[in-house]
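This is run_15.cif. It holds mmCIF, C-alpha atoms.
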data_coords
#
loop_
_atom_site.group_PDB
_atom_site.id
_atom_site.type_symbol
_atom_site.label_atom_id
_atom_site.label_comp_id
_atom_site.auth_asym_id
_atom_site.auth_seq_id
_atom_site.Cartn_x
_atom_site.Cartn_y
_atom_site.Cartn_z
ATOM 1 C CA MET A 1 118.400 54.600 28.556
ATOM 2 C CA GLN A 2 122.029 53.600 27.902
ATOM 3 C CA ALA A 3 121.507 53.914 24.158
ATOM 4 C CA PHE A 4 119.985 57.373 24.653
ATOM 5 C CA LEU A 5 122.955 58.498 26.775
ATOM 6 C CA ALA A 6 125.357 57.113 24.188
ATOM 7 C CA ARG A 7 123.734 59.233 21.503
ATOM 8 C CA ILE A 8 123.952 62.324 23.712
ATOM 9 C CA ILE A 9 127.649 61.694 24.367
ATOM 10 C CA ALA A 10 128.265 61.147 20.658
ATOM 11 C CA GLY A 11 126.744 64.524 19.990
ATOM 12 C CA LEU A 12 129.237 66.164 22.332
ATOM 13 C CA ILE A 13 132.366 64.534 20.930
ATOM 14 C CA LEU A 14 132.219 65.662 17.324
ATOM 15 C CA VAL A 15 135.554 66.526 15.823
ATOM 16 C CA CYS A 16 137.429 67.548 12.736
ATOM 17 C CA SER A 17 140.452 65.532 13.684
ATOM 18 C CA THR A 18 143.172 62.998 13.557
ATOM 19 C CA GLY A 19 142.466 62.743 17.272
ATOM 20 C CA LEU A 20 142.464 66.457 18.121
ATOM 21 C CA VAL A 21 139.375 68.510 18.865
ATOM 22 C CA GLY A 22 138.005 70.638 16.034
ATOM 23 C CA ALA A 23 134.650 71.984 14.898
ATOM 24 C CA GLU A 24 131.504 70.544 16.426
ATOM 25 C CA ILE A 25 128.516 69.567 14.295
ATOM 26 C CA ASP A 26 125.045 68.368 15.144
ATOM 27 C CA ALA A 27 124.719 64.711 16.093
ATOM 28 C CA PRO A 28 123.316 62.539 13.276
ATOM 29 C CA THR A 29 121.518 59.247 13.394
ATOM 30 C CA GLU A 30 123.518 56.035 13.250
ATOM 31 C CA ARG A 31 125.133 55.286 9.880
ATOM 32 C CA ALA A 32 123.460 52.589 7.811
ATOM 33 C CA ALA A 33 125.525 49.601 6.609
ATOM 34 C CA VAL A 34 124.155 50.220 3.106
ATOM 35 C CA ALA A 35 125.280 53.518 1.586
ATOM 36 C CA PRO A 36 122.195 55.735 1.141
ATOM 37 C CA ALA A 37 121.332 56.996 -2.319
ATOM 38 C CA TRP A 38 121.823 60.660 -3.158
ATOM 39 C CA GLU A 39 121.722 63.243 -5.926
ATOM 40 C CA LEU A 40 124.127 66.196 -5.960
ATOM 41 C CA ARG A 41 125.453 68.754 -8.421
ATOM 42 C CA THR A 42 128.941 69.543 -9.640
ATOM 43 C CA PRO A 43 130.217 73.147 -9.695
ATOM 44 C CA GLU A 44 129.327 73.159 -13.400
ATOM 45 C CA GLY A 45 125.709 72.283 -12.607
ATOM 46 C CA GLN A 46 125.796 68.658 -13.749
ATOM 47 C CA THR A 47 123.829 66.140 -11.677
ATOM 48 C CA VAL A 48 125.530 63.083 -10.182
ATOM 49 C CA ARG A 49 123.347 60.267 -8.838
ATOM 50 C CA PHE A 50 124.418 57.497 -6.517
ATOM 51 C CA PRO A 51 124.339 54.530 -6.873
ATOM 52 C CA GLN A 52 123.400 54.891 -10.561
ATOM 53 C CA ASP A 53 126.584 56.732 -11.554
ATOM 54 C CA ALA A 54 128.780 54.298 -9.640
ATOM 55 C CA ALA A 55 127.841 51.823 -12.385
ATOM 56 C CA GLY A 56 128.255 48.804 -10.123
ATOM 57 C CA GLN A 57 131.849 49.683 -9.244
ATOM 58 C CA PRO A 58 133.492 50.445 -5.871
ATOM 59 C CA ALA A 59 133.257 54.071 -4.789
ATOM 60 C CA VAL A 60 135.080 56.398 -2.409
ATOM 61 C CA LEU A 61 133.301 59.365 -0.801
ATOM 62 C CA LEU A 62 135.178 62.126 1.023
ATOM 63 C CA PHE A 63 133.081 64.687 2.925
ATOM 64 C CA TRP A 64 134.977 67.902 3.694
ATOM 65 C CA PRO A 65 134.814 71.663 4.345
ATOM 66 C CA SER A 66 137.568 73.975 3.169
ATOM 67 C CA TRP A 67 138.293 75.254 6.697
ATOM 68 C CA CYS A 68 139.125 71.829 8.211
ATOM 69 C CA PRO A 69 142.921 71.367 8.514
ATOM 70 C CA TYR A 70 142.642 67.575 8.718
ATOM 71 C CA SER A 71 140.623 67.440 5.515
ATOM 72 C CA ARG A 72 143.373 69.483 3.907
ATOM 73 C CA ALA A 73 146.010 67.057 5.188
ATOM 74 C CA LEU A 74 144.199 64.045 3.748
ATOM 75 C CA GLN A 75 143.274 65.527 0.363
ATOM 76 C CA PRO A 76 146.622 65.053 -1.454
ATOM 77 C CA TYR A 77 146.421 61.321 -0.727
ATOM 78 C CA VAL A 78 142.811 61.218 -1.929
ATOM 79 C CA GLN A 79 143.933 62.986 -5.116
ATOM 80 C CA ASP A 80 146.538 60.262 -5.693
ATOM 81 C CA ILE A 81 143.982 57.515 -5.035
ATOM 82 C CA TRP A 82 141.635 59.041 -7.600
ATOM 83 C CA GLU A 83 144.402 59.256 -10.196
ATOM 84 C CA ASP A 84 145.561 55.676 -9.560
ATOM 85 C CA TYR A 85 142.178 53.939 -9.384
ATOM 86 C CA ARG A 86 139.867 55.719 -11.813
ATOM 87 C CA GLU A 87 141.113 53.650 -14.771
ATOM 88 C CA ARG A 88 140.136 50.515 -12.817
ATOM 89 C CA GLY A 89 136.532 51.712 -12.707
ATOM 90 C CA VAL A 90 136.569 53.039 -9.134
ATOM 91 C CA LYS A 91 134.390 56.117 -8.649
ATOM 92 C CA LEU A 92 135.597 58.840 -6.304
ATOM 93 C CA TRP A 93 133.591 61.891 -5.322
ATOM 94 C CA THR A 94 134.450 64.517 -2.740
ATOM 95 C CA ILE A 95 131.387 66.144 -1.199
ATOM 96 C CA ASN A 96 131.522 69.618 0.289
ATOM 97 C CA ILE A 97 129.722 70.061 3.645
ATOM 98 C CA LEU A 98 129.609 72.626 6.469
ATOM 99 C CA GLU A 99 131.135 75.178 4.139
ATOM 100 C CA ARG A 100 131.903 78.790 5.113
ATOM 101 C CA GLY A 101 134.256 79.628 2.256
ATOM 102 C CA ASP A 102 134.885 78.694 -1.372
ATOM 103 C CA PRO A 103 135.731 75.002 -1.933
ATOM 104 C CA LEU A 104 136.711 75.588 -5.569
ATOM 105 C CA GLN A 105 139.204 78.250 -4.578
ATOM 106 C CA ALA A 106 140.556 75.955 -1.856
ATOM 107 C CA MET A 107 141.080 73.159 -4.391
ATOM 108 C CA GLN A 108 142.840 75.493 -6.803
ATOM 109 C CA GLU A 109 145.162 76.766 -4.100
ATOM 110 C CA ARG A 110 145.972 73.179 -3.064
ATOM 111 C CA GLY A 111 146.519 71.864 -6.593
ATOM 112 C CA LEU A 112 143.594 69.413 -6.403
ATOM 113 C CA SER A 113 141.448 68.244 -9.313
ATOM 114 C CA PHE A 114 139.417 65.322 -7.935
ATOM 115 C CA PRO A 115 135.645 65.361 -8.583
ATOM 116 C CA LEU A 116 133.775 67.824 -6.372
ATOM 117 C CA LEU A 117 130.082 67.842 -5.473
ATOM 118 C CA LEU A 118 128.497 70.803 -3.699
ATOM 119 C CA GLU A 119 126.012 71.333 -0.860
ATOM 120 C CA GLY A 120 126.091 67.838 0.610
ATOM 121 C CA ASP A 121 124.870 68.782 4.089
ATOM 122 C CA ALA A 122 121.652 66.809 3.673
ATOM 123 C CA LEU A 123 123.812 63.649 3.704
ATOM 124 C CA ARG A 124 125.321 64.339 7.130
ATOM 125 C CA ASN A 125 122.436 62.606 8.850
ATOM 126 C CA THR A 126 121.982 59.697 6.450
ATOM 127 C CA TYR A 127 125.704 58.904 6.443
ATOM 128 C CA GLY A 128 126.124 59.416 10.202
ATOM 129 C CA ILE A 129 128.811 62.069 9.796
ATOM 130 C CA THR A 130 130.255 63.061 13.180
ATOM 131 C CA ARG A 131 133.582 64.617 12.131
ATOM 132 C CA THR A 132 135.479 65.891 9.115
ATOM 133 C CA PRO A 133 137.030 64.610 7.016
ATOM 134 C CA TRP A 134 134.490 61.778 6.764
ATOM 135 C CA LEU A 135 135.612 59.137 4.270
ATOM 136 C CA VAL A 136 133.942 55.878 3.284
ATOM 137 C CA VAL A 137 134.663 53.119 0.777
ATOM 138 C CA ILE A 138 131.608 51.475 -0.754
ATOM 139 C CA ASP A 139 131.637 48.120 -2.536
ATOM 140 C CA ALA A 140 129.809 47.163 -5.736
ATOM 141 C CA GLY A 141 126.817 46.040 -3.669
ATOM 142 C CA GLN A 142 126.421 49.545 -2.168
ATOM 143 C CA ARG A 143 127.687 48.432 1.250
ATOM 144 C CA ILE A 144 130.006 50.630 3.313
ATOM 145 C CA VAL A 145 133.108 48.496 3.862
ATOM 146 C CA TYR A 146 135.473 51.118 5.302
ATOM 147 C CA THR A 147 134.990 54.314 7.312
ATOM 148 C CA ARG A 148 137.872 56.570 8.323
ATOM 149 C CA PRO A 149 138.360 56.015 12.078
ATOM 150 C CA PRO A 150 138.316 58.936 14.536
ATOM 151 C CA ASN A 151 141.974 58.657 15.567
ATOM 152 C CA PRO A 152 144.204 57.510 12.691
ATOM 153 C CA PRO A 153 147.920 58.087 13.359
ATOM 154 C CA SER A 154 148.275 60.117 10.160
ATOM 155 C CA PRO A 155 146.666 60.700 6.740
ATOM 156 C CA ILE A 156 149.087 58.117 5.341
ATOM 157 C CA ASP A 157 147.462 55.391 7.442
ATOM 158 C CA VAL A 158 144.063 56.346 6.018
ATOM 159 C CA ALA A 159 145.431 56.288 2.468
ATOM 160 C CA LYS A 160 146.949 52.849 3.030
ATOM 161 C CA ALA A 161 143.672 51.496 4.420
ATOM 162 C CA VAL A 162 141.652 52.909 1.514
ATOM 163 C CA ARG A 163 144.031 51.453 -1.063
ATOM 164 C CA GLN A 164 144.063 48.046 0.595
ATOM 165 C CA THR A 165 140.266 48.033 0.834
ATOM 166 C CA LEU A 166 139.938 48.934 -2.846
ATOM 167 C CA ASN A 167 142.463 46.274 -3.845
ATOM 168 C CA ASP A 168 140.535 43.644 -1.893
ATOM 169 C CA LEU A 169 137.409 44.663 -3.825
ATOM 170 C CA LEU A 170 139.148 44.776 -7.207
ATOM 171 C CA GLY A 171 140.876 41.395 -6.965
ATOM 172 C CA ASP A 172 143.000 40.819 -10.072
ATOM 173 C CA ARG A 173 142.424 44.461 -11.094
ATOM 174 C CA ALA A 174 144.187 45.711 -7.969
ATOM 175 C CA VAL A 175 146.595 48.638 -8.177
ATOM 176 C CA PRO A 176 150.123 48.004 -6.837
ATOM 177 C CA LEU A 177 150.589 49.681 -3.473
ATOM 178 C CA PRO A 178 153.095 52.557 -3.345
ATOM 179 C CA ALA A 179 156.517 51.774 -1.944
ATOM 180 C CA SER A 180 156.484 55.096 -0.097
ATOM 181 C CA TYR A 181 154.204 58.061 0.561
ATOM 182 C CA PRO A 182 155.000 61.781 0.597
ATOM 183 C CA PRO A 183 155.110 63.236 4.111
ATOM 184 C CA PRO A 184 151.879 64.803 5.392
ATOM 185 C CA TYR A 185 151.467 68.536 5.585
ATOM 186 C CA ASP A 186 153.402 69.273 8.777
ATOM 187 C CA LEU A 187 150.841 71.650 10.298
ATOM 188 C CA HIS A 188 148.297 68.912 10.862
ATOM 189 C CA LEU A 189 150.563 66.607 12.860
ATOM 190 C CA LYS A 190 151.775 69.158 15.384
ATOM 191 C CA LYS A 191 150.560 69.303 18.935
ATOM 192 C CA GLN A 192 147.203 70.954 19.512
ATOM 193 C CA SER A 193 148.878 73.979 21.074
ATOM 194 C CA ASP A 194 150.552 74.634 17.706
ATOM 195 C CA LEU A 195 147.396 74.311 15.619
ATOM 196 C CA LEU A 196 145.224 77.115 14.319
ATOM 197 C CA ASP A 197 142.346 75.793 16.438
ATOM 198 C CA ARG A 198 144.244 76.235 19.695
ATOM 199 C CA PRO A 199 142.277 77.269 22.798
ATOM 200 C CA THR A 200 141.674 80.976 23.300
ATOM 201 C CA PRO A 201 144.813 82.508 24.911
ATOM 202 C CA ALA A 202 144.715 84.164 28.299
ATOM 203 C CA PRO A 203 143.099 87.587 27.885
ATOM 204 C CA VAL A 204 145.132 90.747 27.753
ATOM 205 C CA ASP A 205 144.810 92.848 30.886
ATOM 206 C CA GLN A 206 141.372 94.474 30.796
ATOM 207 C CA ALA A 207 142.781 97.925 31.513
ATOM 208 C CA GLN A 208 144.840 97.702 28.314
ATOM 209 C CA TRP A 209 142.499 95.733 26.060
ATOM 210 C CA GLN A 210 139.071 97.237 26.590
ATOM 211 C CA PRO A 211 139.857 100.944 26.012
ATOM 212 C CA TRP A 212 141.620 100.119 22.737
ATOM 213 C CA VAL A 213 138.741 97.948 21.503
ATOM 214 C CA GLU A 214 136.135 100.499 22.511
ATOM 215 C CA ARG A 215 137.926 103.242 20.574
ATOM 216 C CA TYR A 216 138.343 100.995 17.557
ATOM 217 C CA LEU A 217 134.704 99.893 17.480
ATOM 218 C CA ASP A 218 133.569 103.493 17.896
ATOM 219 C CA GLY A 219 135.152 104.096 14.488
ATOM 220 C CA ILE A 220 133.040 101.457 12.698
ATOM 221 C CA GLY A 221 130.391 103.152 10.573
ATOM 222 C CA ALA A 222 126.737 102.187 10.919
ATOM 223 C CA HIS A 223 126.604 100.900 7.332
ATOM 224 C CA GLU A 224 130.224 99.834 6.945
ATOM 225 C CA ALA A 225 130.800 96.440 5.263
ATOM 226 C CA VAL A 226 133.440 94.653 3.192
ATOM 227 C CA ASP A 227 132.265 94.145 -0.382
ATOM 228 C CA GLY A 228 132.267 90.689 -1.954
ATOM 229 C CA ILE A 229 132.116 88.604 1.230
ATOM 230 C CA ALA A 230 128.808 86.919 2.004
ATOM 231 C CA PRO A 231 127.508 86.895 5.611
ATOM 232 C CA VAL A 232 127.860 83.539 7.399
ATOM 233 C CA GLY A 233 124.941 83.917 9.797
ATOM 234 C CA ALA A 234 124.922 84.472 13.538
ATOM 235 C CA ILE A 235 128.311 84.128 15.252
ATOM 236 C CA GLU A 236 127.612 82.624 18.638
ATOM 237 C CA GLY A 237 130.956 82.715 20.416
ATOM 238 C CA GLY A 238 134.546 83.904 20.395
ATOM 239 C CA LYS A 239 135.921 80.643 19.038
ATOM 240 C CA ALA A 240 133.563 80.790 16.044
ATOM 241 C CA ALA A 241 134.504 84.421 15.458
ATOM 242 C CA MET A 242 138.223 83.570 15.496
ATOM 243 C CA ALA A 243 137.719 80.623 13.124
ATOM 244 C CA HIS A 244 135.850 82.816 10.651
ATOM 245 C CA ALA A 245 138.476 85.559 10.905
ATOM 246 C CA ARG A 246 141.336 83.099 10.295
ATOM 247 C CA GLU A 247 139.599 81.713 7.226
ATOM 248 C CA LEU A 248 139.083 85.167 5.733
ATOM 249 C CA TRP A 249 142.599 86.300 6.573
ATOM 250 C CA ALA A 250 144.017 83.171 4.927
ATOM 251 C CA GLN A 251 142.078 83.932 1.759
ATOM 252 C CA GLN A 252 143.351 87.522 1.741
ATOM 253 C CA TYR A 253 146.884 87.253 3.098
ATOM 254 C CA GLY A 254 147.842 83.547 2.957
ATOM 255 C CA ALA A 255 147.816 80.735 5.511
ATOM 256 C CA ASP A 256 151.458 81.205 6.538
ATOM 257 C CA ALA A 257 150.870 84.862 7.401
ATOM 258 C CA VAL A 258 147.834 83.897 9.488
ATOM 259 C CA ARG A 259 149.736 81.241 11.440
ATOM 260 C CA ALA A 260 152.343 83.876 12.311
ATOM 261 C CA GLN A 261 149.585 86.006 13.877
ATOM 262 C CA ALA A 262 148.763 83.525 16.653
ATOM 263 C CA PRO A 263 147.583 83.735 19.376
ATOM 264 C CA TYR A 264 144.282 85.405 18.507
ATOM 265 C CA ARG A 265 141.889 87.453 20.647
ATOM 266 C CA ALA A 266 138.142 87.933 20.281
ATOM 267 C CA TYR A 267 135.927 90.479 22.017
ATOM 268 C CA ARG A 268 132.226 91.254 21.687
ATOM 269 C CA ARG A 269 130.521 94.588 22.293
ATOM 270 C CA ASN A 270 126.798 94.691 21.657
ATOM 271 C CA ARG A 271 126.356 93.455 18.051
ATOM 272 C CA HIS A 272 130.048 93.581 17.107
ATOM 273 C CA TRP A 273 132.698 90.863 17.272
ATOM 274 C CA ILE A 274 136.288 92.024 16.830
ATOM 275 C CA VAL A 275 139.074 89.476 16.298
ATOM 276 C CA MET A 276 142.745 90.384 16.388
ATOM 277 C CA GLY A 277 145.998 88.592 15.690
ATOM 278 C CA GLY A 278 149.529 89.668 16.224
ATOM 279 C CA GLY A 279 151.015 87.639 19.050
ATOM 280 C CA LEU A 280 151.411 88.642 22.661
ATOM 281 C CA ALA A 281 154.665 90.452 21.946
ATOM 282 C CA ARG A 282 153.055 92.967 19.566
ATOM 283 C CA GLU A 283 151.141 96.121 20.310
ATOM 284 C CA LEU A 284 147.351 96.099 20.157
ATOM 285 C CA GLY A 285 146.204 96.889 16.616
ATOM 286 C CA GLN A 286 149.509 95.953 14.980
ATOM 287 C CA GLY A 287 148.238 92.569 13.723
ATOM 288 C CA MET A 288 145.379 91.444 11.507
ATOM 289 C CA ILE A 289 141.886 92.628 12.424
ATOM 290 C CA ALA A 290 138.397 91.447 11.543
ATOM 291 C CA VAL A 291 135.082 92.917 12.699
ATOM 292 C CA PHE A 292 131.750 91.106 12.257
ATOM 293 C CA ASP A 293 128.106 91.797 12.904
ATOM 294 C CA ALA A 294 127.298 89.160 15.515
ATOM 295 C CA ASP A 295 123.711 88.642 14.354
ATOM 296 C CA SER A 296 124.219 88.299 10.599
ATOM 297 C CA GLY A 297 127.912 87.409 10.299
ATOM 298 C CA ARG A 298 128.384 90.349 7.913
ATOM 299 C CA VAL A 299 132.043 91.361 7.602
ATOM 300 C CA LEU A 300 132.343 94.991 8.633
ATOM 301 C CA ARG A 301 136.099 95.368 8.420
ATOM 302 C CA LEU A 302 139.059 93.183 7.420
ATOM 303 C CA SER A 303 142.644 94.402 7.530
ATOM 304 C CA ALA A 304 146.244 93.305 7.776
ATOM 305 C CA GLY A 305 146.840 95.686 10.676
ATOM 306 C CA GLU A 306 145.916 99.091 12.011
ATOM 307 C CA SER A 307 147.547 101.815 14.016
ATOM 308 C CA GLU A 308 146.065 102.620 17.375
ATOM 309 C CA PRO A 309 143.063 104.950 16.852
#

Write the structure described by the file as structure tokens, please.
Amino acid sequence: MQAFLARIIAGLILVCSTGLVGAEIDAPTERAAVAPAWELRTPEGQTVRFPQDAAGQPAVLLFWPSWCPYSRALQPYVQDIWEDYRERGVKLWTINILERGDPLQAMQERGLSFPLLLEGDALRNTYGITRTPWLVVIDAGQRIVYTRPPNPPSPIDVAKAVRQTLNDLLGDRAVPLPASYPPPYDLHLKKQSDLLDRPTPAPVDQAQWQPWVERYLDGIGAHEAVDGIAPVGAIEGGKAAMAHARELWAQQYGADAVRAQAPYRAYRRNRHWIVMGGGLARELGQGMIAVFDADSGRVLRLSAGESEP
């Protein structure tokens, strides 16, 4: 009974974090001590097989989605590890999971070139993934010898632990440890109230908010849609709607512009979700706007700001 309750609790505390709450994912089974085998494809369509393609060498696996800020914070250090250790035979693959956007575009925007494998969601269960980024180091015997902990002080601490683990495995082929590390991306070390995934702000007075939203949604055409953006599936709640809107806005207008829009508001009427940014000091409709079909996740409208209808 205690083991059963522990699994239930684990399923409720699933985070994309360095200790702060993020996106929840379904609870997996317990991670095996031996790294499970897998077969995935690169963006170019080439097949990578593990453990065959590890060729008896240590390996590093990073599981990440483009929308996770803590994955983004860790990735520059993973890039450096790949560049420093690949000539020593170490294999490093980053595996895209839980994706709602374009991981290749995210890598290009972030200046990353480490190996990428797509559609790794089938490995969430076998590798016991409960948060992102999920990072493991695997030795030559296919045993998992390091897993990124749930509450590391910073991405630098993870990078140090990965490098030390690899050096212990490499022995006389070890790579000298850096004397210093570049500072982490500031956004990901701020307090939760300053993060993009902050709690939903207190609602605007209903007498002001609802009439504006009703008029705006009345102007959405029955067949209106934004071209070139694939539906993401049913959007179950306001937090999910805001997360999807922020991701799309960042792709269109840049992450800095989106951060300046906080706090965000979400409202549902029938099959429509509307998400707005702009800050409490701005007029309704002055900030970024996104409208989704709640059932399909189809993007009906996306804009940098509208005048009051």

- Can you give me, as a ChimeraX atom specification, the residues this file yields under the PyMOL selection byres ((chain A and resi 297) around 8)? /A:231-235,292-296,298-299

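Put simply, CA of His244 (chain A) is 9.0 Å away from CA of Ala290 (chain A).
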
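Nearest residue to Val226 (chain A), choosing from A:Ala140, A:Ile81, A:Leu74, A:Val291 and counting all atoms listed in the file: A:Val291.
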
- Note on the structure: Computed gap from CA of Tyr70 (chain A) to CA of Ile289 (chain A) is 25.3 Å

Per residue of region 36-125 of chain A within 10 Å of region 157-165 of chain A, which atom pair is closest and at what distance in Å (one decimal), using all atoms listed in the file, listed by chain and increasing number, as JSON lines?
{"residue": "A:Pro58", "atom": "CA", "partner": "A:Thr165", "partner_atom": "CA", "distance": 9.8}
{"residue": "A:Val60", "atom": "CA", "partner": "A:Val162", "partner_atom": "CA", "distance": 8.4}
{"residue": "A:Leu74", "atom": "CA", "partner": "A:Ala159", "partner_atom": "CA", "distance": 8.0}
{"residue": "A:Gln75", "atom": "CA", "partner": "A:Ala159", "partner_atom": "CA", "distance": 9.7}
{"residue": "A:Pro76", "atom": "CA", "partner": "A:Ala159", "partner_atom": "CA", "distance": 9.7}
{"residue": "A:Tyr77", "atom": "CA", "partner": "A:Ala159", "partner_atom": "CA", "distance": 6.0}
{"residue": "A:Val78", "atom": "CA", "partner": "A:Ala159", "partner_atom": "CA", "distance": 7.1}
{"residue": "A:Asp80", "atom": "CA", "partner": "A:Ala159", "partner_atom": "CA", "distance": 9.1}
{"residue": "A:Ile81", "atom": "CA", "partner": "A:Arg163", "partner_atom": "CA", "distance": 7.2}
{"residue": "A:Asp84", "atom": "CA", "partner": "A:Arg163", "partner_atom": "CA", "distance": 9.6}
{"residue": "A:Tyr85", "atom": "CA", "partner": "A:Arg163", "partner_atom": "CA", "distance": 8.9}

- Selection result for the PyMOL selection byres ((chain A and resi 258) around 9) on this file, as a list in words: Leu196, Arg246, Glu247, Trp249, Ala250, Tyr253, Gly254, Ala255, Asp256, Ala257, Arg259, Ala260, Gln261, Ala262, Gly277 and Met288 of chain A

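Picked out by the PyMOL selection byres ((chain A and resi 216) around 12) when it runs on this file: Trp209, Gln210, Pro211, Trp212, Val213, Glu214, Arg215, Leu217, Asp218, Gly219, Ile220, Gly221, Tyr267, Arg269, His272, Trp273, Ile274, Val275, Met276, Leu284, Gly285, Ile289, Ala290, Val291, Arg301, Glu306, Ser307, Glu308 and Pro309 of chain A.
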
- Task: Quick one: everything within 10 Å of Tyr146 (chain A), counting all atoms listed in the file, minus sequence neighbours fewer than 2 positions away in the same chain. Send it as a list in words.
- Result: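 Within the cut-off, the hits are Val60, Leu135, Val136, Val137, Ile138, Asp139, Arg143, Ile144, Arg148, Pro149, Ala161, Val162, Thr165 and Leu166 of chain A.
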
How big is the axis-aligned box around the listed atoms of region 275-279 of chain A once 6 Å is added on each side, and where is its centre? Give both in Å to one decimal, as JSON.
{"center_x": 145.0, "center_y": 89.0, "center_z": 17.4, "size_x": 23.9, "size_y": 14.7, "size_z": 15.4}

Rebuild region 169-185 of chain A to N, CA and C atoms - output it as a PDB file, in the coordinates of the input, please.
ATOM      1  N   LEU A 169     138.633  44.674  -3.023  1.00  0.00           N
ATOM      2  CA  LEU A 169     137.409  44.663  -3.825  1.00  0.00           C
ATOM      3  C   LEU A 169     137.700  44.407  -5.298  1.00  0.00           C
ATOM      4  N   LEU A 170     138.831  44.886  -5.788  1.00  0.00           N
ATOM      5  CA  LEU A 170     139.148  44.776  -7.207  1.00  0.00           C
ATOM      6  C   LEU A 170     139.721  43.420  -7.595  1.00  0.00           C
ATOM      7  N   GLY A 171     140.310  42.705  -6.650  1.00  0.00           N
ATOM      8  CA  GLY A 171     140.876  41.395  -6.965  1.00  0.00           C
ATOM      9  C   GLY A 171     142.022  41.499  -7.948  1.00  0.00           C
ATOM     10  N   ASP A 172     141.898  40.827  -9.105  1.00  0.00           N
ATOM     11  CA  ASP A 172     143.000  40.819 -10.072  1.00  0.00           C
ATOM     12  C   ASP A 172     143.164  42.153 -10.794  1.00  0.00           C
ATOM     13  N   ARG A 173     142.271  43.115 -10.532  1.00  0.00           N
ATOM     14  CA  ARG A 173     142.424  44.461 -11.094  1.00  0.00           C
ATOM     15  C   ARG A 173     143.079  45.417 -10.102  1.00  0.00           C
ATOM     16  N   ALA A 174     143.617  44.889  -9.025  1.00  0.00           N
ATOM     17  CA  ALA A 174     144.187  45.711  -7.969  1.00  0.00           C
ATOM     18  C   ALA A 174     145.338  46.568  -8.487  1.00  0.00           C
ATOM     19  N   VAL A 175     145.512  47.718  -7.859  1.00  0.00           N
ATOM     20  CA  VAL A 175     146.595  48.638  -8.177  1.00  0.00           C
ATOM     21  C   VAL A 175     147.762  48.364  -7.225  1.00  0.00           C
ATOM     22  N   PRO A 176     148.982  48.220  -7.737  1.00  0.00           N
ATOM     23  CA  PRO A 176     150.123  48.004  -6.837  1.00  0.00           C
ATOM     24  C   PRO A 176     150.214  49.099  -5.785  1.00  0.00           C
ATOM     25  N   LEU A 177     150.489  48.709  -4.555  1.00  0.00           N
ATOM     26  CA  LEU A 177     150.589  49.681  -3.473  1.00  0.00           C
ATOM     27  C   LEU A 177     151.887  50.472  -3.592  1.00  0.00           C
ATOM     28  N   PRO A 178     151.864  51.751  -3.262  1.00  0.00           N
ATOM     29  CA  PRO A 178     153.095  52.557  -3.345  1.00  0.00           C
ATOM     30  C   PRO A 178     154.168  52.036  -2.395  1.00  0.00           C
ATOM     31  N   ALA A 179     155.403  52.159  -2.816  1.00  0.00           N
ATOM     32  CA  ALA A 179     156.517  51.774  -1.944  1.00  0.00           C
ATOM     33  C   ALA A 179     156.740  52.799  -0.842  1.00  0.00           C
ATOM     34  N   SER A 180     156.341  54.041  -1.092  1.00  0.00           N
ATOM     35  CA  SER A 180     156.484  55.096  -0.097  1.00  0.00           C
ATOM     36  C   SER A 180     155.407  56.135  -0.340  1.00  0.00           C
ATOM     37  N   TYR A 181     155.212  57.010   0.640  1.00  0.00           N
ATOM     38  CA  TYR A 181     154.204  58.061   0.561  1.00  0.00           C
ATOM     39  C   TYR A 181     154.863  59.397   0.891  1.00  0.00           C
ATOM     40  N   PRO A 182     154.449  60.467   0.230  1.00  0.00           N
ATOM     41  CA  PRO A 182     155.000  61.781   0.597  1.00  0.00           C
ATOM     42  C   PRO A 182     154.600  62.128   2.022  1.00  0.00           C
ATOM     43  N   PRO A 183     155.445  62.887   2.723  1.00  0.00           N
ATOM     44  CA  PRO A 183     155.110  63.236   4.111  1.00  0.00           C
ATOM     45  C   PRO A 183     153.863  64.106   4.176  1.00  0.00           C
ATOM     46  N   PRO A 184     153.080  63.958   5.248  1.00  0.00           N
ATOM     47  CA  PRO A 184     151.879  64.803   5.392  1.00  0.00           C
ATOM     48  C   PRO A 184     152.256  66.253   5.594  1.00  0.00           C
ATOM     49  N   TYR A 185     151.301  67.106   5.330  1.00  0.00           N
ATOM     50  CA  TYR A 185     151.467  68.536   5.585  1.00  0.00           C
ATOM     51  C   TYR A 185     151.753  68.724   7.072  1.00  0.00           C
TER      52      TYR A 185
END
